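Participant: Please read through the structure below; I'll follow up with questions.
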Amino acid sequence: TDWTQTTNTIDYGIKSVLNKKGGTLVSLERIGSMPMPLDILVTLTNGEKRGFYVPIPLMRGEKENPYSFAWEKLDDWPWAFPEYSFYINEKKEKIESIIIDPSFFMADINRENNVFEGLDGKE
């Protein structure tokens, strides 16, 4: 329905990345009106890559991991909530970058807020 009967857009962003209890709490926001499942790539300062998958209940299932690195399936992001948070078991200082939609397949209208670069201090 969103694709064919509305002018809803897809726009997700990384709202904050905070040290929390020996790890990192990542808060995301849905800015556009269209709910989508999210692929998230976390690259650590040692070069290790970790993937996270955020499904949405509307999908009635989940997709297989299309990447060469392992990923962790997180809890569903219900469409009624504009914000979502998840925990990474690494300190913020060990995170080089976080990217929403590393494949660039999602039709996000503002990709500038899809990236956190820890080493540069950008958020």
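Residues in the structure tokens are named by chain (A, B, ... in the order shown) and by number from 1 within that chain; ligands are numbered from 1 in the order shown.
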What's the 9 Å shell around A:Ser85, counting only C-alpha atoms, without same-chain residues fewer than 6 positions away, as a PyMOL selection string?
Facilitator: chain A and resi 25-29
Participant: Excluding A:Arg50 and any residue of its chain fewer than 2 positions from it, enumerate the residues within 8 Å of it, using only C-alpha atoms, and give them as a PyMOL selection string.
Facilitator: chain A and resi 41-43+48+52+69-71
Participant: At a cut-off of 10 Å, can you tabulate as a Markdown table every residue of stretch 22-76 of chain A near stretch 103-111 of chain A together with its closest atom pair and the distance in Å to one decimal, using only C-alpha atoms and ordering rows by chain then number?
Facilitator:
```
| residue | atom | partner | partner_atom | distance |
| --- | --- | --- | --- | --- |
| A:Ile31 | CA | A:Asn110 | CA | 9.6 |
| A:Gly32 | CA | A:Ile109 | CA | 8.5 |
| A:Met34 | CA | A:Asp108 | CA | 9.9 |
| A:Met36 | CA | A:Met106 | CA | 8.4 |
| A:Pro37 | CA | A:Met106 | CA | 9.3 |
| A:Leu38 | CA | A:Met106 | CA | 8.6 |
| A:Asp39 | CA | A:Ser103 | CA | 8.3 |
| A:Ile40 | CA | A:Ser103 | CA | 9.5 |
| A:Leu41 | CA | A:Ser103 | CA | 9.5 |
| A:Pro66 | CA | A:Ser103 | CA | 9.5 |
| A:Tyr67 | CA | A:Ser103 | CA | 9.0 |
```
Participant: For A:Asp75, list every protein, DNA or RNA residue within 12 Å, evaluated using only C-alpha atoms, and leave out those in the same chain fewer than 4 positions away; present the list as a list of chain:residue names.
Facilitator: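 Answer for this query is A:Pro37, A:Leu38, A:Phe52, A:Tyr53, A:Val54, A:Pro55, A:Ile56, A:Pro57, A:Gly61, A:Glu62, A:Tyr84, A:Ser85, A:Phe86, A:Tyr87.
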Participant: Can you list every residue in chain A that DSSP puts in strand (DSSP E), as a ChimeraX atom specification?
Facilitator: /A:12-20,23-30,38-44,49-54,71-73,83-88,95-100,115-117
Participant: Taking into account only C-alpha atoms, which residue in the set A:Lys94, A:Leu58, A:Gly13, A:Thr45 is nearest to A:Asp76?
Facilitator: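 Of all the options, A:Leu58 lies closest to A:Asp76.
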Participant: As an exercise, work out the distance from atom CA of A:Asp101 to atom CA of A:Asn65 in Å and give it to one decimal place.
Facilitator: 12.8 Å
Participant: What does the distance between atom CA of A:Ser97 and atom CA of A:Lys63 come to in Å, to one decimal place?
Facilitator: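 Atom-to-atom, atom CA of A:Ser97 to atom CA of A:Lys63, that is 23.7 Å.
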Participant: Nearest to A:Ser33 among A:Thr4, A:Thr9, A:Asn114, A:Asn89, with distances taken over only C-alpha atoms: which residue is it?
Facilitator: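 Residue with the minimum atom-to-atom distance to A:Ser33: A:Thr9.
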Participant: For a quick check of understanding, using only C-alpha atoms, which of A:Ile100, A:Pro78, A:Gly51, A:Arg60 has the smallest distance to A:Tyr12?
Facilitator: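 Using only C-alpha atoms, A:Tyr12 sits closest to A:Ile100.
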Participant: Step one, run DSSP on the backbone; step two, keep only residues of chain A assigned to helix (DSSP H, G or I); then write them as a ChimeraX atom specification.
Facilitator: /A:2-5,57-59,92-94,111-114
